[in-house]
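Content type compact mmCIF, C-alpha atoms and all ligand atoms, from the file work38.txt:
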```txt
# COMPACT_ATOMS: atom_id res chain seq x y z
CA MET A 1 -84.86 -69.54 157.42
CA THR A 2 -88.51 -70.35 156.68
CA SER A 3 -89.17 -71.96 153.30
CA ALA A 4 -92.20 -71.69 151.03
CA MET A 5 -92.69 -75.45 151.46
CA GLU A 6 -92.85 -75.09 155.23
CA ILE A 7 -95.57 -72.44 154.83
CA TYR A 8 -97.37 -74.45 152.16
CA GLN A 9 -97.67 -77.43 154.51
CA LEU A 10 -99.76 -75.29 156.85
CA LEU A 11 -102.16 -74.06 154.17
CA PRO A 12 -105.38 -75.90 153.17
CA LYS A 13 -103.66 -77.20 149.98
CA THR A 14 -106.97 -77.22 148.10
CA ASN A 15 -105.97 -74.61 145.48
CA CYS A 16 -109.37 -72.94 145.91
CA LYS A 17 -108.01 -69.58 144.63
CA LYS A 18 -110.02 -67.57 147.17
CA CYS A 19 -106.81 -65.72 148.01
CA ASN A 20 -106.57 -64.67 144.33
CA GLU A 21 -103.46 -66.77 143.79
CA SER A 22 -103.44 -69.65 141.31
CA THR A 23 -102.36 -72.27 143.86
CA CYS A 24 -101.71 -72.65 147.58
CA MET A 25 -98.00 -72.86 146.74
CA ALA A 26 -98.20 -69.50 144.95
CA PHE A 27 -99.89 -68.10 148.06
CA ALA A 28 -97.12 -69.58 150.22
CA VAL A 29 -94.51 -67.84 148.06
CA ALA A 30 -96.49 -64.59 148.36
CA LEU A 31 -96.50 -64.97 152.15
CA LEU A 32 -92.78 -65.58 152.14
CA SER A 33 -92.14 -62.45 150.06
CA ARG A 34 -94.60 -60.54 152.28
CA THR A 35 -96.77 -59.41 149.34
CA LYS A 36 -99.75 -61.17 151.01
CA GLN A 37 -100.83 -61.89 154.56
CA TYR A 38 -102.09 -65.25 155.79
CA THR A 39 -105.36 -63.58 156.79
CA GLU A 40 -106.10 -63.32 153.05
CA CYS A 41 -106.79 -67.08 152.91
CA PRO A 42 -110.54 -67.32 153.73
CA PRO A 43 -110.69 -71.07 154.48
CA LEU A 44 -107.71 -70.80 156.82
CA MET A 45 -109.39 -68.00 158.72
CA GLU A 46 -112.93 -69.40 158.72
CA GLU A 47 -112.71 -73.17 159.08
CA GLU A 48 -112.31 -74.77 162.53
CA LYS A 49 -110.08 -77.53 161.27
CA TYR A 50 -107.33 -75.03 160.41
CA ILE A 51 -107.04 -73.45 163.85
CA ASP A 52 -103.75 -75.20 164.64
CA SER A 53 -102.26 -74.38 161.25
CA ARG A 54 -103.31 -70.77 161.64
CA GLN A 55 -101.53 -70.55 164.98
CA LYS A 56 -98.38 -72.16 163.59
CA LEU A 57 -98.38 -69.84 160.58
CA GLU A 58 -98.73 -66.83 162.83
CA ASN A 59 -95.72 -67.98 164.85
CA ILE A 60 -93.65 -68.62 161.73
CA LEU A 61 -94.54 -65.36 160.02
CA LYS A 62 -94.33 -63.06 163.03
CA PRO A 63 -90.53 -62.69 162.97
CA MET A 64 -90.81 -61.57 159.35
CA GLU A 65 -92.80 -58.49 160.31
CA GLY A 66 -90.67 -55.41 160.00
CA ALA A 67 -88.28 -57.08 157.58
CA GLU A 68 -87.04 -55.01 154.68
CA GLU A 69 -87.96 -55.83 151.05
CA THR A 70 -84.96 -58.11 150.92
CA GLY A 71 -86.02 -59.95 154.08
CA LEU A 72 -83.30 -58.20 156.08
CA ILE A 73 -83.78 -57.97 159.81
CA ILE A 74 -81.18 -56.42 162.07
CA HIS A 75 -81.38 -57.57 165.67
CA GLU A 76 -79.95 -54.43 167.21
CA GLU A 77 -79.86 -55.95 170.67
CA LEU A 78 -77.29 -58.46 169.36
CA CYS A 79 -75.16 -55.98 167.38
CA SER A 80 -71.83 -55.10 168.98
CA GLY A 81 -71.08 -52.38 166.44
CA CYS A 82 -67.95 -54.17 165.23
CA GLY A 83 -68.47 -52.94 161.65
CA ASN A 84 -67.66 -56.24 159.93
CA CYS A 85 -70.83 -56.09 157.86
CA VAL A 86 -70.15 -52.49 156.85
CA VAL A 87 -66.82 -53.43 155.27
CA ALA A 88 -68.01 -56.78 153.89
CA CYS A 89 -71.06 -55.53 151.99
CA PRO A 90 -70.03 -55.33 148.31
CA VAL A 91 -72.41 -52.43 147.77
CA ASN A 92 -70.67 -50.43 150.47
CA VAL A 93 -67.33 -51.23 148.87
CA ALA A 94 -68.56 -50.29 145.38
CA ASN A 95 -70.46 -47.16 146.40
CA ASP A 96 -68.04 -45.85 148.99
CA PRO A 97 -64.61 -47.43 148.32
CA TYR A 98 -62.60 -44.92 150.36
CA GLY A 99 -65.04 -44.61 153.27
CA SER A 100 -67.20 -47.51 154.46
CA GLY A 101 -65.46 -49.87 152.04
CA LYS A 102 -62.19 -49.31 153.90
CA GLY A 103 -63.65 -49.35 157.41
CA PHE A 104 -63.87 -45.58 157.78
CA GLY A 105 -66.96 -43.42 158.18
CA PRO A 106 -69.15 -43.11 155.07
CA THR A 107 -68.18 -40.38 152.63
CA ASN A 108 -71.55 -40.35 150.88
CA GLY A 109 -75.19 -41.39 151.40
CA LYS A 110 -75.15 -44.40 149.08
CA VAL A 111 -74.07 -47.03 151.59
CA ILE A 112 -76.34 -49.79 152.94
CA PHE A 113 -74.75 -50.30 156.36
CA ARG A 114 -73.31 -47.77 158.74
CA VAL A 115 -72.65 -47.97 162.48
CA GLU A 116 -74.31 -45.26 164.53
CA ASN A 117 -74.05 -45.06 168.30
CA GLY A 118 -72.60 -48.54 168.43
CA LYS A 119 -75.37 -50.20 166.43
CA VAL A 120 -75.57 -50.97 162.75
CA LYS A 121 -78.28 -49.25 160.68
CA ALA A 122 -79.39 -50.16 157.17
CA ALA A 123 -80.51 -47.75 154.43
CA ASN A 124 -80.70 -47.75 150.61
CA ILE A 125 -81.96 -51.32 150.80
CA GLU A 126 -82.93 -51.20 147.12
CA GLU A 127 -79.19 -51.28 146.40
CA CYS A 128 -78.86 -54.67 148.13
CA ARG A 129 -78.06 -57.60 145.84
CA ARG A 130 -81.05 -59.41 147.33
CA PHE A 131 -83.45 -56.71 146.14
CA GLY A 132 -85.70 -56.95 143.08
CA LYS A 133 -86.36 -59.60 140.51
CA ASP A 134 -82.71 -60.26 139.60
CA ARG A 135 -81.75 -60.79 143.22
CA ILE A 136 -78.87 -63.01 144.19
CA LEU A 137 -78.58 -64.63 147.58
CA CYS A 138 -75.67 -62.56 148.80
CA ARG A 139 -74.53 -63.44 152.33
CA ALA A 140 -71.55 -61.14 152.53
CA CYS A 141 -72.96 -59.20 155.48
CA ILE A 142 -74.27 -62.16 157.47
CA ASP A 143 -71.29 -64.47 157.39
CA PRO A 144 -68.75 -62.18 159.07
CA CYS A 145 -71.15 -61.07 161.81
CA PRO A 146 -69.84 -62.60 165.05
CA THR A 147 -73.12 -62.20 166.94
CA GLU A 148 -75.71 -63.32 164.35
CA ALA A 149 -77.30 -59.88 164.51
CA ILE A 150 -78.20 -59.95 160.80
CA GLU A 151 -80.85 -62.30 159.49
CA PHE A 152 -82.60 -62.77 156.18
CA VAL A 153 -86.08 -64.23 156.64
S1 LIG A 201 -76.97 -59.14 151.32
FE1 LIG A 201 -75.06 -58.52 150.33
S2 LIG A 201 -75.56 -56.65 149.19
FE2 LIG A 201 -77.22 -57.02 150.67
S3 LIG A 201 -76.71 -55.83 152.47
FE3 LIG A 201 -75.87 -57.89 152.80
S4 LIG A 201 -73.78 -57.80 151.98
FE4 LIG A 201 -74.86 -56.01 151.22
S1 LIG A 202 -71.19 -57.51 161.78
FE1 LIG A 202 -72.91 -57.94 163.18
S2 LIG A 202 -72.21 -57.20 165.19
FE2 LIG A 202 -70.85 -56.31 163.64
S3 LIG A 202 -71.78 -54.28 163.17
FE3 LIG A 202 -72.59 -55.77 161.67
S4 LIG A 202 -74.51 -56.48 162.58
FE4 LIG A 202 -73.35 -55.51 164.23
```

For the file at hand, write its structure as C-alpha cells.
Amino acid sequence: MTSAMEIYQLLPKTNCKKCNESTCMAFAVALLSRTKQYTECPPLMEEEKYIDSRQKLENILKPMEGAEETGLIIHEELCSGCGNCVVACPVNVANDPYGSGKGFGPTNGKVIFRVENGKVKAANIEECRRFGKDRILCRACIDPCPTEAIEFV
C-alpha cells in the first residue's frame, strides 16, 4: 500500500502552496485520499528537474484510479467467487444477518459485497468502516480472500 510519505518524497518539498495546500505533505495526503491530482502541483508539472518524480508519481498513483472512496479496488480477474469476503464483512453481517451474513443470497439491498456471475461486486460503499472521517482500518474482507482480489490503496 502506498504511503503519504512515499508520495511526499516525490514532490518538490518546497511548501510553495501553489497547489492550495499548506504543505507538500498535506498535498501528498490529498493525493493519497484522491481529493487532488498530482497535475495540480505547478512546479512538478512545469520544471524539468521533476520529470523523473512526475513519472514515478504517475506510476504509483495509476493503480488508485477507479478506487472507491474507501480506497477499495476489486481485481475481478482474480476473484474466484468463493464468497469469503461476503460473509466476513461485518457490515454484511449487521445489515443482512440471515442472508449474506450467513453465506446465503442477500435478503435486502444494504449489503456491501455480493457475488454475481461468479465475481464479487461492491455497493453501498459509504457503509464500509473505512468510509468517512471516523474510518477504521477494517481488513475483514481482505484477510480471508484466498486470491488477493481485494485491495485497499
Ligand atoms: S473494509 Fe471492512 S467494512 Fe469495509 S467492505 Fe471490507 S470488511 Fe466490509
Ligand atoms: S474473498 Fe476474494 S475470491 Fe472470494 S469472493 Fe471475495 S474477492 Fe472474490

If we count only C-alpha atoms and set the cut-off at 10 Å, which residues sit around Asn108 of chain A, ignoring sequence neighbours fewer than 5 positions away in its own chain? Please answer as a PyMOL selection string. chain A and resi 95-96+99-100

Using all atoms listed in the file, the shortest atom-to-atom distance to Leu72 of chain A among A:Ala26, A:Cys16, A:Ile112, A:Ala94 belongs to A:Ile112

Do you know which residues are within 6 Å of ligand LIG 202 (chain A) using all atoms listed in the file? Can you write them as a list in words?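 Residues lying within 6 Å of ligand LIG 202 (chain A): Cys79, Ser80, Gly81, Cys82, Gly83, Asn84, Cys85, Val120, Pro144, Cys145, Pro146, Thr147, Ala149 and Ile150 of chain A.
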
Would you mind telling me which residue in A:Glu116, A:Glu6, A:Glu48, A:Glu68 lies nearest to ligand LIG 201 (chain A) when using all atoms listed in the file?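 Among the listed residues, A:Glu68 lies closest to ligand LIG 201 (chain A).
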
Residues up to 9 Å from ligand LIG 201 (chain A), counting all atoms listed in the file: could you list those as a ChimeraX atom specification? /A:70,72,85-92,112-113,122,125-131,136-143,150,152

Selected residues, C-alpha atoms, written as a short mmCIF file (atom, residue, chain, number, x, y, z; two decimals), in the frame of the given file, please.
```cif
data_model
loop_
_atom_site.label_atom_id
_atom_site.label_comp_id
_atom_site.auth_asym_id
_atom_site.auth_seq_id
_atom_site.Cartn_x
_atom_site.Cartn_y
_atom_site.Cartn_z
CA THR A 70 -84.96 -58.11 150.92
CA LEU A 72 -83.30 -58.20 156.08
CA CYS A 85 -70.83 -56.09 157.86
CA VAL A 86 -70.15 -52.49 156.85
CA VAL A 87 -66.82 -53.43 155.27
CA ALA A 88 -68.01 -56.78 153.89
CA CYS A 89 -71.06 -55.53 151.99
CA PRO A 90 -70.03 -55.33 148.31
CA VAL A 91 -72.41 -52.43 147.77
CA ASN A 92 -70.67 -50.43 150.47
CA ILE A 112 -76.34 -49.79 152.94
CA PHE A 113 -74.75 -50.30 156.36
CA ALA A 122 -79.39 -50.16 157.17
CA ILE A 125 -81.96 -51.32 150.80
CA GLU A 126 -82.93 -51.20 147.12
CA GLU A 127 -79.19 -51.28 146.40
CA CYS A 128 -78.86 -54.67 148.13
CA ARG A 129 -78.06 -57.60 145.84
CA ARG A 130 -81.05 -59.41 147.33
CA PHE A 131 -83.45 -56.71 146.14
CA ILE A 136 -78.87 -63.01 144.19
CA LEU A 137 -78.58 -64.63 147.58
CA CYS A 138 -75.67 -62.56 148.80
CA ARG A 139 -74.53 -63.44 152.33
CA ALA A 140 -71.55 -61.14 152.53
CA CYS A 141 -72.96 -59.20 155.48
CA ILE A 142 -74.27 -62.16 157.47
CA ASP A 143 -71.29 -64.47 157.39
CA ILE A 150 -78.20 -59.95 160.80
CA PHE A 152 -82.60 -62.77 156.18
#
```

Close residues, Arg54 of chain A itself excluded, 9 Å, all atoms listed in the file, min 2 positions apart in chain, as a list of chain:residue names: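 Counting all atoms listed in the file, the residues come to A:Leu10, A:Leu11, A:Tyr38, A:Thr39, A:Leu44, A:Met45, A:Tyr50, A:Ile51, A:Asp52, A:Lys56, A:Leu57, A:Glu58, A:Asn59.
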
Any idea what the distance is between atom CA of Val111 of chain A and atom CA of Ala123 of chain A?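 Interatomic distance here is 7.1 Å.
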
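Excluding Pro63 of chain A itself and any same-chain residue fewer than 3 positions from it, the protein and nucleic acid residues within 9 Å of it, counting all atoms listed in the file, are Asn59, Ile60, Gly66, Ala67, Ile73 and Val153 of chain A.
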
With C-alpha atoms retained, export the selected residues as a CSV table (one decimal), keeping the file's coordinate frame.
```
chain,number,residue,atom,x,y,z
A,59,ASN,CA,-95.7,-68.0,164.8
A,60,ILE,CA,-93.6,-68.6,161.7
A,66,GLY,CA,-90.7,-55.4,160.0
A,67,ALA,CA,-88.3,-57.1,157.6
A,73,ILE,CA,-83.8,-58.0,159.8
A,153,VAL,CA,-86.1,-64.2,156.6
```

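The two atoms in question, atom CA of Thr107 of chain A and atom CA of Gly71 of chain A, are spaced 26.5 Å apart.
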
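One finds atom CA of Glu76 of chain A at 10.3 Å from atom CA of Glu148 of chain A.
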
For Glu47 of chain A, which residue among A:Pro12, A:Lys110, A:Leu78, A:Cys19 is the nearest when counting all atoms listed in the file?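 Nearest candidate to Glu47 of chain A out of A:Pro12, A:Lys110, A:Leu78, A:Cys19: A:Pro12.
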
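For the choices A:Lys121, A:Lys102, A:Arg114, A:Lys13, the atom-to-atom distance to Ser53 of chain A is smallest for A:Lys13 when using only C-alpha atoms.
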
Check the smallest atom-to-atom distance from each of A:Pro97, A:Lys49, A:Lys17, A:Lys119 to His75 of chain A using all atoms listed in the file, then report the winner.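 Counting all atoms listed in the file, the residue closest to His75 of chain A is A:Lys119.
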
What are the centre and edge lengths in Å, to one decimal, of the axis-aligned box around all listed atoms of segment 88-95 of chain A with 3 Å added on each side, as lines of an AutoDock Vina configuration file?
```
center_x = -69.9
center_y = -52.0
center_z = 149.6
size_x = 11.1
size_y = 15.6
size_z = 14.5
```

Selection: 10 Å around Gln37 of chain A, all atoms listed in the file, excl. self and same-chain fewer than 6 positions, as a ChimeraX atom specification: /A:19,27-28,30-31,58,61

Coords for segment 66-99 of chain A, N, CA, C and O atoms, as a PDB file, in the first residue's frame:
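File written: part15.pdb
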```
ATOM      1  N   GLY A  66      -9.992   4.750 -10.125  1.00  0.00           N
ATOM      2  CA  GLY A  66     -11.107   3.804 -10.104  1.00  0.00           C
ATOM      3  C   GLY A  66     -11.357   3.217  -8.733  1.00  0.00           C
ATOM      4  O   GLY A  66     -12.280   2.425  -8.560  1.00  0.00           O
ATOM      5  N   ALA A  67     -10.537   3.587  -7.756  1.00  0.00           N
ATOM      6  CA  ALA A  67     -10.785   3.097  -6.401  1.00  0.00           C
ATOM      7  C   ALA A  67     -12.006   3.808  -5.817  1.00  0.00           C
ATOM      8  O   ALA A  67     -12.294   4.945  -6.160  1.00  0.00           O
ATOM      9  N   GLU A  68     -12.694   3.108  -4.943  1.00  0.00           N
ATOM     10  CA  GLU A  68     -13.832   3.715  -4.260  1.00  0.00           C
ATOM     11  C   GLU A  68     -13.331   4.740  -3.239  1.00  0.00           C
ATOM     12  O   GLU A  68     -12.144   4.815  -2.962  1.00  0.00           O
ATOM     13  N   GLU A  69     -14.251   5.483  -2.639  1.00  0.00           N
ATOM     14  CA  GLU A  69     -13.925   6.455  -1.582  1.00  0.00           C
ATOM     15  C   GLU A  69     -13.033   5.857  -0.501  1.00  0.00           C
ATOM     16  O   GLU A  69     -12.189   6.533   0.063  1.00  0.00           O
ATOM     17  N   THR A  70     -13.256   4.618  -0.204  1.00  0.00           N
ATOM     18  CA  THR A  70     -12.511   3.958   0.862  1.00  0.00           C
ATOM     19  C   THR A  70     -11.151   3.466   0.380  1.00  0.00           C
ATOM     20  O   THR A  70     -10.374   2.934   1.170  1.00  0.00           O
ATOM     21  N   GLY A  71     -10.875   3.609  -0.914  1.00  0.00           N
ATOM     22  CA  GLY A  71      -9.641   3.055  -1.475  1.00  0.00           C
ATOM     23  C   GLY A  71      -9.812   1.636  -1.973  1.00  0.00           C
ATOM     24  O   GLY A  71      -8.855   1.002  -2.408  1.00  0.00           O
ATOM     25  N   LEU A  72     -11.022   1.125  -1.901  1.00  0.00           N
ATOM     26  CA  LEU A  72     -11.281  -0.267  -2.306  1.00  0.00           C
ATOM     27  C   LEU A  72     -11.142  -0.461  -3.814  1.00  0.00           C
ATOM     28  O   LEU A  72     -11.712   0.293  -4.596  1.00  0.00           O
ATOM     29  N   ILE A  73     -10.360  -1.468  -4.163  1.00  0.00           N
ATOM     30  CA  ILE A  73     -10.303  -1.907  -5.550  1.00  0.00           C
ATOM     31  C   ILE A  73     -10.563  -3.407  -5.550  1.00  0.00           C
ATOM     32  O   ILE A  73      -9.976  -4.144  -4.763  1.00  0.00           O
ATOM     33  N   ILE A  74     -11.459  -3.838  -6.409  1.00  0.00           N
ATOM     34  CA  ILE A  74     -11.659  -5.281  -6.580  1.00  0.00           C
ATOM     35  C   ILE A  74     -11.047  -5.683  -7.908  1.00  0.00           C
ATOM     36  O   ILE A  74     -11.403  -5.134  -8.953  1.00  0.00           O
ATOM     37  N   HIS A  75     -10.106  -6.606  -7.843  1.00  0.00           N
ATOM     38  CA  HIS A  75      -9.499  -7.127  -9.076  1.00  0.00           C
ATOM     39  C   HIS A  75     -10.342  -8.331  -9.520  1.00  0.00           C
ATOM     40  O   HIS A  75     -10.119  -9.456  -9.083  1.00  0.00           O
ATOM     41  N   GLU A  76     -11.314  -8.036 -10.330  1.00  0.00           N
ATOM     42  CA  GLU A  76     -12.289  -9.084 -10.708  1.00  0.00           C
ATOM     43  C   GLU A  76     -11.630 -10.278 -11.374  1.00  0.00           C
ATOM     44  O   GLU A  76     -12.091 -11.404 -11.250  1.00  0.00           O
ATOM     45  N   GLU A  77     -10.540  -9.996 -12.100  1.00  0.00           N
ATOM     46  CA  GLU A  77      -9.881 -11.102 -12.815  1.00  0.00           C
ATOM     47  C   GLU A  77      -9.275 -12.110 -11.835  1.00  0.00           C
ATOM     48  O   GLU A  77      -9.016 -13.256 -12.197  1.00  0.00           O
ATOM     49  N   LEU A  78      -9.059 -11.680 -10.581  1.00  0.00           N
ATOM     50  CA  LEU A  78      -8.502 -12.591  -9.579  1.00  0.00           C
ATOM     51  C   LEU A  78      -9.587 -13.262  -8.734  1.00  0.00           C
ATOM     52  O   LEU A  78      -9.322 -14.241  -8.037  1.00  0.00           O
ATOM     53  N   CYS A  79     -10.790 -12.716  -8.749  1.00  0.00           N
ATOM     54  CA  CYS A  79     -11.854 -13.214  -7.867  1.00  0.00           C
ATOM     55  C   CYS A  79     -12.375 -14.561  -8.357  1.00  0.00           C
ATOM     56  O   CYS A  79     -12.705 -14.729  -9.517  1.00  0.00           O
ATOM     57  N   SER A  80     -12.435 -15.514  -7.418  1.00  0.00           N
ATOM     58  CA  SER A  80     -12.943 -16.855  -7.753  1.00  0.00           C
ATOM     59  C   SER A  80     -14.411 -16.987  -7.388  1.00  0.00           C
ATOM     60  O   SER A  80     -15.010 -18.042  -7.610  1.00  0.00           O
ATOM     61  N   GLY A  81     -14.967 -15.951  -6.766  1.00  0.00           N
ATOM     62  CA  GLY A  81     -16.376 -16.013  -6.386  1.00  0.00           C
ATOM     63  C   GLY A  81     -16.638 -16.855  -5.159  1.00  0.00           C
ATOM     64  O   GLY A  81     -17.776 -17.283  -4.922  1.00  0.00           O
ATOM     65  N   CYS A  82     -15.613 -17.098  -4.349  1.00  0.00           N
ATOM     66  CA  CYS A  82     -15.766 -18.008  -3.203  1.00  0.00           C
ATOM     67  C   CYS A  82     -16.726 -17.470  -2.146  1.00  0.00           C
ATOM     68  O   CYS A  82     -17.298 -18.235  -1.382  1.00  0.00           O
ATOM     69  N   GLY A  83     -16.886 -16.152  -2.071  1.00  0.00           N
ATOM     70  CA  GLY A  83     -17.833 -15.570  -1.118  1.00  0.00           C
ATOM     71  C   GLY A  83     -17.286 -15.339   0.277  1.00  0.00           C
ATOM     72  O   GLY A  83     -18.019 -14.901   1.163  1.00  0.00           O
ATOM     73  N   ASN A  84     -16.009 -15.616   0.501  1.00  0.00           N
ATOM     74  CA  ASN A  84     -15.445 -15.393   1.846  1.00  0.00           C
ATOM     75  C   ASN A  84     -15.647 -13.956   2.311  1.00  0.00           C
ATOM     76  O   ASN A  84     -16.001 -13.706   3.464  1.00  0.00           O
ATOM     77  N   CYS A  85     -15.397 -13.012   1.424  1.00  0.00           N
ATOM     78  CA  CYS A  85     -15.488 -11.598   1.810  1.00  0.00           C
ATOM     79  C   CYS A  85     -16.937 -11.216   2.136  1.00  0.00           C
ATOM     80  O   CYS A  85     -17.196 -10.376   2.991  1.00  0.00           O
ATOM     81  N   VAL A  86     -17.864 -11.830   1.440  1.00  0.00           N
ATOM     82  CA  VAL A  86     -19.281 -11.521   1.634  1.00  0.00           C
ATOM     83  C   VAL A  86     -19.694 -11.852   3.072  1.00  0.00           C
ATOM     84  O   VAL A  86     -20.370 -11.071   3.743  1.00  0.00           O
ATOM     85  N   VAL A  87     -19.242 -13.000   3.548  1.00  0.00           N
ATOM     86  CA  VAL A  87     -19.604 -13.454   4.890  1.00  0.00           C
ATOM     87  C   VAL A  87     -18.774 -12.750   5.959  1.00  0.00           C
ATOM     88  O   VAL A  87     -19.228 -12.539   7.081  1.00  0.00           O
ATOM     89  N   ALA A  88     -17.545 -12.377   5.602  1.00  0.00           N
ATOM     90  CA  ALA A  88     -16.630 -11.793   6.594  1.00  0.00           C
ATOM     91  C   ALA A  88     -16.910 -10.323   6.873  1.00  0.00           C
ATOM     92  O   ALA A  88     -16.604  -9.832   7.961  1.00  0.00           O
ATOM     93  N   CYS A  89     -17.463  -9.613   5.900  1.00  0.00           N
ATOM     94  CA  CYS A  89     -17.674  -8.165   6.087  1.00  0.00           C
ATOM     95  C   CYS A  89     -18.675  -7.935   7.221  1.00  0.00           C
ATOM     96  O   CYS A  89     -19.815  -8.393   7.162  1.00  0.00           O
ATOM     97  N   PRO A  90     -18.267  -7.216   8.275  1.00  0.00           N
ATOM     98  CA  PRO A  90     -19.163  -7.003   9.415  1.00  0.00           C
ATOM     99  C   PRO A  90     -20.414  -6.208   9.056  1.00  0.00           C
ATOM    100  O   PRO A  90     -21.439  -6.326   9.726  1.00  0.00           O
ATOM    101  N   VAL A  91     -20.316  -5.407   8.018  1.00  0.00           N
ATOM    102  CA  VAL A  91     -21.493  -4.639   7.579  1.00  0.00           C
ATOM    103  C   VAL A  91     -22.513  -5.588   6.953  1.00  0.00           C
ATOM    104  O   VAL A  91     -23.725  -5.473   7.203  1.00  0.00           O
ATOM    105  N   ASN A  92     -22.032  -6.530   6.175  1.00  0.00           N
ATOM    106  CA  ASN A  92     -22.943  -7.524   5.605  1.00  0.00           C
ATOM    107  C   ASN A  92     -23.640  -8.305   6.722  1.00  0.00           C
ATOM    108  O   ASN A  92     -24.836  -8.546   6.671  1.00  0.00           O
ATOM    109  N   VAL A  93     -22.849  -8.672   7.730  1.00  0.00           N
ATOM    110  CA  VAL A  93     -23.407  -9.454   8.843  1.00  0.00           C
ATOM    111  C   VAL A  93     -24.448  -8.620   9.600  1.00  0.00           C
ATOM    112  O   VAL A  93     -25.529  -9.105   9.931  1.00  0.00           O
ATOM    113  N   ALA A  94     -24.124  -7.346   9.833  1.00  0.00           N
ATOM    114  CA  ALA A  94     -25.035  -6.489  10.603  1.00  0.00           C
ATOM    115  C   ALA A  94     -26.291  -6.135   9.792  1.00  0.00           C
ATOM    116  O   ALA A  94     -27.401  -6.132  10.326  1.00  0.00           O
ATOM    117  N   ASN A  95     -26.087  -5.838   8.512  1.00  0.00           N
ATOM    118  CA  ASN A  95     -27.226  -5.375   7.708  1.00  0.00           C
ATOM    119  C   ASN A  95     -28.080  -6.507   7.139  1.00  0.00           C
ATOM    120  O   ASN A  95     -29.217  -6.287   6.759  1.00  0.00           O
ATOM    121  N   ASP A  96     -27.485  -7.687   7.055  1.00  0.00           N
ATOM    122  CA  ASP A  96     -28.221  -8.790   6.424  1.00  0.00           C
ATOM    123  C   ASP A  96     -27.873 -10.106   7.136  1.00  0.00           C
ATOM    124  O   ASP A  96     -27.323 -11.029   6.536  1.00  0.00           O
ATOM    125  N   PRO A  97     -28.183 -10.181   8.442  1.00  0.00           N
ATOM    126  CA  PRO A  97     -27.707 -11.324   9.252  1.00  0.00           C
ATOM    127  C   PRO A  97     -28.189 -12.681   8.758  1.00  0.00           C
ATOM    128  O   PRO A  97     -27.496 -13.678   8.940  1.00  0.00           O
ATOM    129  N   TYR A  98     -29.355 -12.743   8.135  1.00  0.00           N
ATOM    130  CA  TYR A  98     -29.889 -14.059   7.746  1.00  0.00           C
ATOM    131  C   TYR A  98     -29.701 -14.341   6.253  1.00  0.00           C
ATOM    132  O   TYR A  98     -30.119 -15.378   5.768  1.00  0.00           O
ATOM    133  N   GLY A  99     -29.076 -13.412   5.551  1.00  0.00           N
ATOM    134  CA  GLY A  99     -28.795 -13.616   4.125  1.00  0.00           C
ATOM    135  C   GLY A  99     -27.299 -13.689   3.918  1.00  0.00           C
ATOM    136  O   GLY A  99     -26.649 -14.693   4.226  1.00  0.00           O
TER     137      GLY A  99
END
```
